[in-house]
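Below: one structure, written as structure tokens.
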Amino acid sequence: MITSEEIKRRLWDGANELRGSMDASRYKDYMLGLMFYKFLSDKTLEAFRVTSGLGQITESELVEEYTKAKLEYGEQLDKMLQNILGYYVSPEHLYQTWLKDINSGDFEVQKVTDSLNNFERTIAVSGDSNDFKGLFSSSALDLTDTALGSSLNDRSKNIKALILLFADLNMVALQKGDVLGDAYEYLIGQFAMESGKKAGEFYTPRQVSEVMAQIAVKTPGIKSIYDPTVGSGSLLLTVKKHLDADVQKNLSYYGQEKNTATYNLTRMNLLLHGVRPDKMIVKNGDTLSHDWPEDPERPNEGVQFEAVVMNPPYSAKNWNKAGLKVSDPRFEVAGVLPPDSKGDFAFLLHGLFHLGQNGTMAIVLPHGVLFRGSTEGEIRERLLEKNNIDTIIGLPSNLFTNTGIPVVIIILKKNREIGEPVLIIDASRGYIKVGKQNVLREKDIAKIVDTYVERREEEGYSRKVTREAILENQYNMNIPRYIKAIDEEIPHDVGAHLLGGIPLKNIDDLKILQSTVPDVLRQSLREIRDGYVALLKPVDEISEDILSDSRIVEISKKIESAAKSYIYKYWDILQSVNNRSNLTKLMNEMLVEIKVIMSEFQYIDVYDGYQIIAEIWKNALAHDTEIIASSDFYTAGRTRVPNMVTKGTGEKKREEQDGWVGSIVPNELIAHRLYSNELEEIELKNVRIQEIETELSDLVEAAKVEDSEEANALGEILDEAGEAFESKSVNAALKRAIKETVEYNLLSKVEKLFAEKSALSKAVKADEKALREAVQERILTLTNEEIDKLMYEKWFGSTVNAMVSLIERPLKKELSTLHMLNKRYAETLSSIDDEIRDLESAFDDMMSELVEE
């Protein structure tokens with residue numbers, strides 16, 4: 001069984017190989033469009049198979065039966081498929097027909113163009129027809145584009161290669177469990193990263209979508225969601241993912257997109273994720289120029305939604321091309337129009353207009369919307385007066401591929417209690433750097449969402465700000481005005497620099513050490529004068545005393561016990577997963593529970609524990625549970641799959657099988673745990689090879705020393721660079737040398753070292769090959785007990801230790817501060833003065849000696 005991760009990797013590798021120099025933002029339209037056409041073809045064949053009562057037959061047999069039925073029933077068959085799917089793909093236009101033509105050598109690009117054009121005529125004339133119209137328009141998929149190849153032959157070759165990329169994927173089967181949708185979404189994200197600034201047209205980074213979606217779904221009773229700048233639809237789909245399955249069944253998806261190619265991408269993305277056409281209302285249009293969606297019964301209200309999410313283009317210039325007035329119902333709440341040079345508040349007000357009375361809106365905007373003046377300041381004032389601004393979340397800069405500026409997520413509501421403060425969260429420092437981009441970790445996302453849900457205040461991170469406080473700042477909502485970053489720099493103490501010692505006030509600030517082991521800390525200090533102390537022992541020894549203290553050991557044991565209980569509970573559950581669609585729910589349960597467990601221990605950052613489990617899911621569980629759910633734990637454990645490697649370059653580049661790998665049990669783990677003796681033997685030989693290389697290197701260096709015995713004996717067998725011996729020259733030199741001489745003995749030593757190294761290298765190669773083959777065969781015969789041990793180690797081998805280390809982390813941080821303070825004040829001003837006097841005295845003595853001479 002192919003997993004979603006394997007599909008993603010294979011398709012993206014294929015995309016990189018095939019697109020050549022074509023811009024990623026353009027190539028995505030071809031790749032994703034043809035991938036979607038394969039989905040439509042597979043859906044057509046599956047619908048025909050089910051309605052015709054055919055059993056499980058091969059794809060080629062199914063195509064043959066479909067072709068026969070088309071000849072026999074004609075339009076009657078077409079209408080039947082239209083009624084089921086809303087469209088159909090005729091036998092001569094199937095993706096499978098393109099593949100057949102490629103294999104027979106009859107392929108023509110024009111046949112693909114004809115098929116895509118014909119699809120428009122196969123759409124049922126119904127309310128769903130708009131969902132499929134124009135998907136393959138020539139503006140999006142122009143197969144005559146020279147970017148695909150300068151000649152017809154080159155274009156044909158490249159299009160064939162792209163078609164073959166999806167040849168063996170059963171899109172209908174992959175749609176179950178959202179594998180296909182996940183792969184599609186992944187490709188959109190990868191293309192976005194490659195597209196640079198153009199990515200802003202169609203993609204919101206996953207971690208930003210997650211924050212917005214997880215907040216939006218906290219609204220009860222969601223029946224419809226709306227994204228006025230829908231892009232590829234990723235935000236809507238992220239919201240969907242976080243809703244219960246029952247809610248998803250009846251959820252309506254609304255979105256509008258100005259760019260036609262991106263609008264097509266939106267529809268494809270939603271359909272691939274299993275969104276029913278009747279629940280998908282997506283429009284190609286300019287959100288600001290003409291209000292949409294409109295409610296015919298209430299023209300001044302517009303359609304209202306329980307959740308509105310959007311990532312509009314930032315500071316759009318000349319947004320008011322339609323000449324809109326303040327009287328437009330969307331802008332009446334503000335009393336003024338947003339400036340024509342910056343459309344940020346125009347998008348915000350549009351979304352707010354369509355927000356239901358009990359709904360939640362989340363919008364990403366540039367940081368400037370919080371403090372820019374003029375009409376934007378007036379709009380902020382009106383929004384605060386209306387009590388619509390609920391939360392402001394400051395994010396790190398450089399999260400987006402299309403801009404490096406810092407952005408904010410603004411949460412808006414219409415049903416806030418009078419006087420309820422605005423929650424401000426400064427999450428700008430919680431991230432890691434991945435390549436050129438800053439990325440929110442899972443723990444950063446979780447902390448933002450939890451802080452929002454709990455309306456939690458934390459020094460340096462979050463604060464509830466009253467309208468009066470904002471009024472004092474003249475409605476300037478720039479985050480640093482309300483949240484001051486914690487300055488961890490400890491001020492210098494003049495007295496300590498002059499006379500030495502660590503200020504006692506700095507020791508008192510070591511709150512965690514003072515709370516957990518105050519006596520151990522106190523016994524490590526001595527007072528040298530009022531308010532200042534010195535260490536009685538090195539910080540390393542103090543650290544050892546503290547970390548081995550019975551109280552810390554006791555806490556560590558409790559964490560260890562809690563972690564083991566947690567793992568044992570989910571070990572059983574993970575072994576028996578049988579439904580791929582429930583895996584996200586299981587992951588969320590594990591993440592929520594670990595936070596609860598960690599919160600029972602004082603001074604531990606619960607989000608560090610959260611991150612440990614999130615990474616286990618990312619690195620192992622997401623892949624493995626998908627396979628287990630499609631089979632069973634022990635069958636998966638004894639299953640091996642081809643290990644495919646890329647060989648050759650350019651036109652000769654190809655994929656070949658290089659042995660086998662365990663479907664879920666890693667070969668390396670099998671080798672280390674079940675073949676330790678064999679690995680030890682190989683390691684001993686490798687150690688000896690390294691020793692030989694060192695001996696040879698020493699002899700080379702000695703041979704460079706002029707007039708040495710080694711130089712006289714071995715100099716002539718050095719290579720031109722003088723960095724190594726030439727093995728082919730050794731035998732010749734040895735034949736010329738006189739036996740029992742120093743020269744003969746040294747040459748003989750080099751020869752023996754070469755021979756021993758060669759023999760060992762061959763032995764290692766043979767041993768590694770034998771071990772590799774043994775491991776590959778062993779996969780098939782692993783016992784249940786062995787699979788248990790190996791998989792437990794793979795998933796949770798280091799988890800308990802990682803959890804226990806969380807108790808040490810804050811202690812070590814304060815011990816590091818203690819070490820810094822001790823080092824800072826080690827040299828006093830008087831000791832520096834003494835050192836200067838000593839140096840001056842030594843200099844005077846030296847000058848006197850020179851004068852006397």
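Ordered as shown in the structure tokens, chains take letters A, B, and onward, while each chain numbers its residues from 1 and ligands are numbered from 1 in the order shown.
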
Practice task
Could you tell me, as an MDAnalysis selection string, which residues of stretch 179-428 of chain A DSSP assigns to strand (DSSP E or B) when given the backbone?
Solution key: chainID A and resid 224:227 252:257 280:284 305:310 355:366 389:394 407:412 422:426

Output C-alpha atoms for every residue in that selection, as a short mmCIF file (atom, residue, chain, number, x, y, z; two decimals), in the first residue's frame.
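The resulting file, result-v8.cif, is shown below:
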data_model
loop_
_atom_site.label_atom_id
_atom_site.label_comp_id
_atom_site.auth_asym_id
_atom_site.auth_seq_id
_atom_site.Cartn_x
_atom_site.Cartn_y
_atom_site.Cartn_z
CA SER A 224 -21.10 27.42 6.62
CA ILE A 225 -17.63 28.88 6.18
CA TYR A 226 -16.51 31.71 3.92
CA ASP A 227 -13.18 32.89 2.49
CA SER A 252 -21.26 24.63 3.05
CA TYR A 253 -18.08 26.14 1.59
CA TYR A 254 -18.15 29.64 0.12
CA GLY A 255 -15.24 31.39 -1.54
CA GLN A 256 -14.40 34.04 -4.12
CA GLU A 257 -11.17 34.35 -6.11
CA MET A 280 -19.33 24.15 -2.79
CA ILE A 281 -20.23 27.72 -3.78
CA VAL A 282 -17.12 29.29 -5.30
CA LYS A 283 -17.09 32.37 -7.54
CA ASN A 284 -14.54 33.89 -9.90
CA PHE A 305 -21.55 32.90 8.05
CA GLU A 306 -20.58 31.28 11.34
CA ALA A 307 -16.91 31.32 10.33
CA VAL A 308 -15.08 33.78 8.04
CA VAL A 309 -11.37 33.27 7.34
CA MET A 310 -9.19 35.20 4.92
CA LEU A 355 -20.02 37.50 9.71
CA GLY A 356 -22.99 36.02 11.53
CA GLN A 357 -24.07 37.46 14.87
CA ASN A 358 -22.57 34.54 16.78
CA GLY A 359 -19.72 33.81 14.37
CA THR A 360 -15.95 34.21 14.45
CA MET A 361 -13.77 35.91 11.85
CA ALA A 362 -9.98 35.49 11.48
CA ILE A 363 -8.01 37.64 9.04
CA VAL A 364 -4.26 37.98 8.37
CA LEU A 365 -3.07 41.53 7.72
CA PRO A 366 0.21 43.48 7.77
CA ILE A 389 -12.18 43.48 17.81
CA ASP A 390 -11.81 40.42 20.00
CA THR A 391 -8.15 39.36 19.74
CA ILE A 392 -4.95 40.53 18.07
CA ILE A 393 -2.18 37.99 17.51
CA GLY A 394 1.26 39.25 16.49
CA VAL A 407 1.80 40.09 10.15
CA VAL A 408 -1.07 39.94 12.60
CA ILE A 409 -4.15 37.77 12.87
CA ILE A 410 -7.16 39.82 13.94
CA ILE A 411 -10.12 37.95 15.43
CA LEU A 412 -13.46 39.76 15.14
CA VAL A 422 -9.28 42.97 23.73
CA LEU A 423 -6.87 40.08 24.12
CA ILE A 424 -3.46 40.87 22.65
CA ILE A 425 -0.99 38.03 22.07
CA ASP A 426 2.61 38.67 21.11
#

Problem - Test item: residues at most 8 Å from stretch 478-492 of chain A, only C-alpha atoms, excluding those fewer than 5 positions along its chain, as a PyMOL selection string - result: chain A and resi 367+370-371+394+424+426+459-463+465

Practice task
Have a look at atom CA of A:Thr122 and atom CA of A:Leu45 and let me know their distance in Å, one decimal.
Solution key: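 Atom CA of A:Leu45 lies 14.6 Å from atom CA of A:Thr122.
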
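Using only C-alpha atoms, the protein and nucleic acid residues lying no more than 12 Å from A:Thr516, apart from those fewer than 2 places from it along its own chain, are Leu510, Lys511, Ile512, Leu513, Gln514, Pro518, Asp519, Val520, Leu521, Arg522, Ile546, Leu547, Asp549, Ser550, Arg551, Ile552, Val553, Glu554, Ile555, Gln602, Tyr603, Ile807, Glu808, Pro810 and Leu811 of chain A.
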
Handout entry: Neighbour list for stretch 435-444 of chain A as a VMD selection string, cut-off 12 Å, only C-alpha atoms, skip fewer than 4 positions in-chain
Key = chain A and resid 193 to 194 196 205 to 211 395 to 406 425 to 431 448 to 451 461 588 591 to 592 594 to 595 605 to 618

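Considering only C-alpha atoms, the residue among A:Lys464, A:Arg772, A:Lys258, A:His350 positioned nearest to A:Asp658 is A:Arg772.
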
Practice task
Can you pull out every residue within 10 Å of A:Thr817, counting only C-alpha atoms, but drop anything in the same chain fewer than 3 positions away, and send it as an MDAnalysis selection string?
Solution key: chainID A and resid 490 506:507 510 811:814 820:823

Exercise for the section: Compile the contact shell of A:Tyr184 as number ranges by chain: residues with an atom at most 12 Å away, counting only C-alpha atoms, same-chain residues fewer than 5 positions apart removed. Expected result: A: 4-5, 7-9, 11-12, 28-29, 31-36, 39, 171, 174-175, 178-179, 189-191, 232-234, 237, 265-266, 268-273

Exercise for the section: Calculate how many Å separate atom CA of A:Val112 from atom CA of A:Leu40, rounding to one decimal. Expected result: 14.0 Å

Exercise for the section: List every residue of stretch 337-373 of chain A that DSSP, applied to the backbone of this structure, places in alpha helix (DSSP H), and write the result as number ranges by chain. Expected result: A: 344-353

Exercise for the section: Would you mind listing what lies within 9 Å of A:Ile717 as a list in words, with only C-alpha atoms counted and same-chain residues fewer than 4 positions away left out? Expected result: Ala713, Ala724, Phe725, Glu726, Ser727, Lys728, Ser729, Val730 and Ala733 of chain A

Using C-alpha atoms, can you export the residues from the last selection as a short mmCIF file (atom, residue, chain, number, x, y, z; two decimals), in the first residue's frame?
data_model
loop_
_atom_site.label_atom_id
_atom_site.label_comp_id
_atom_site.auth_asym_id
_atom_site.auth_seq_id
_atom_site.Cartn_x
_atom_site.Cartn_y
_atom_site.Cartn_z
CA ALA A 713 63.04 4.75 1.59
CA ALA A 724 49.66 9.62 -0.13
CA PHE A 725 51.58 6.55 -1.30
CA GLU A 726 50.93 5.16 -4.76
CA SER A 727 50.12 1.49 -4.17
CA LYS A 728 51.22 0.44 -7.67
CA SER A 729 54.72 1.88 -7.01
CA VAL A 730 55.25 -0.06 -3.78
CA ALA A 733 60.24 -0.29 -5.28
#

Problem - Residue nearest A:Gly637 - candidates A:Glu417, A:Asp707, A:Glu785, A:Asp106, atoms counted: only C-alpha atoms - result: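 Closest to A:Gly637, using only C-alpha atoms: A:Glu785.
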
Considering only C-alpha atoms, tabulate each residue of stretch 549-662 of chain A that lies at most 9 Å from stretch 786-789 of chain A along with its nearest interatomic pair and the corresponding distance in Å to one decimal; arrange the rows by chain and ascending residue number and present them as a Markdown table.
| residue | atom | partner | partner_atom | distance |
| --- | --- | --- | --- | --- |
| A:Phe633 | CA | A:Ile787 | CA | 8.7 |
| A:Tyr634 | CA | A:Ile787 | CA | 7.0 |
| A:Gly637 | CA | A:Ile787 | CA | 6.1 |
| A:Arg638 | CA | A:Ile787 | CA | 8.1 |

Handout entry: Atomic separation - atom CA of A:Gly231 relative to atom CA of A:Lys342, Å
Key =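 Those two atoms sit 19.7 Å apart.
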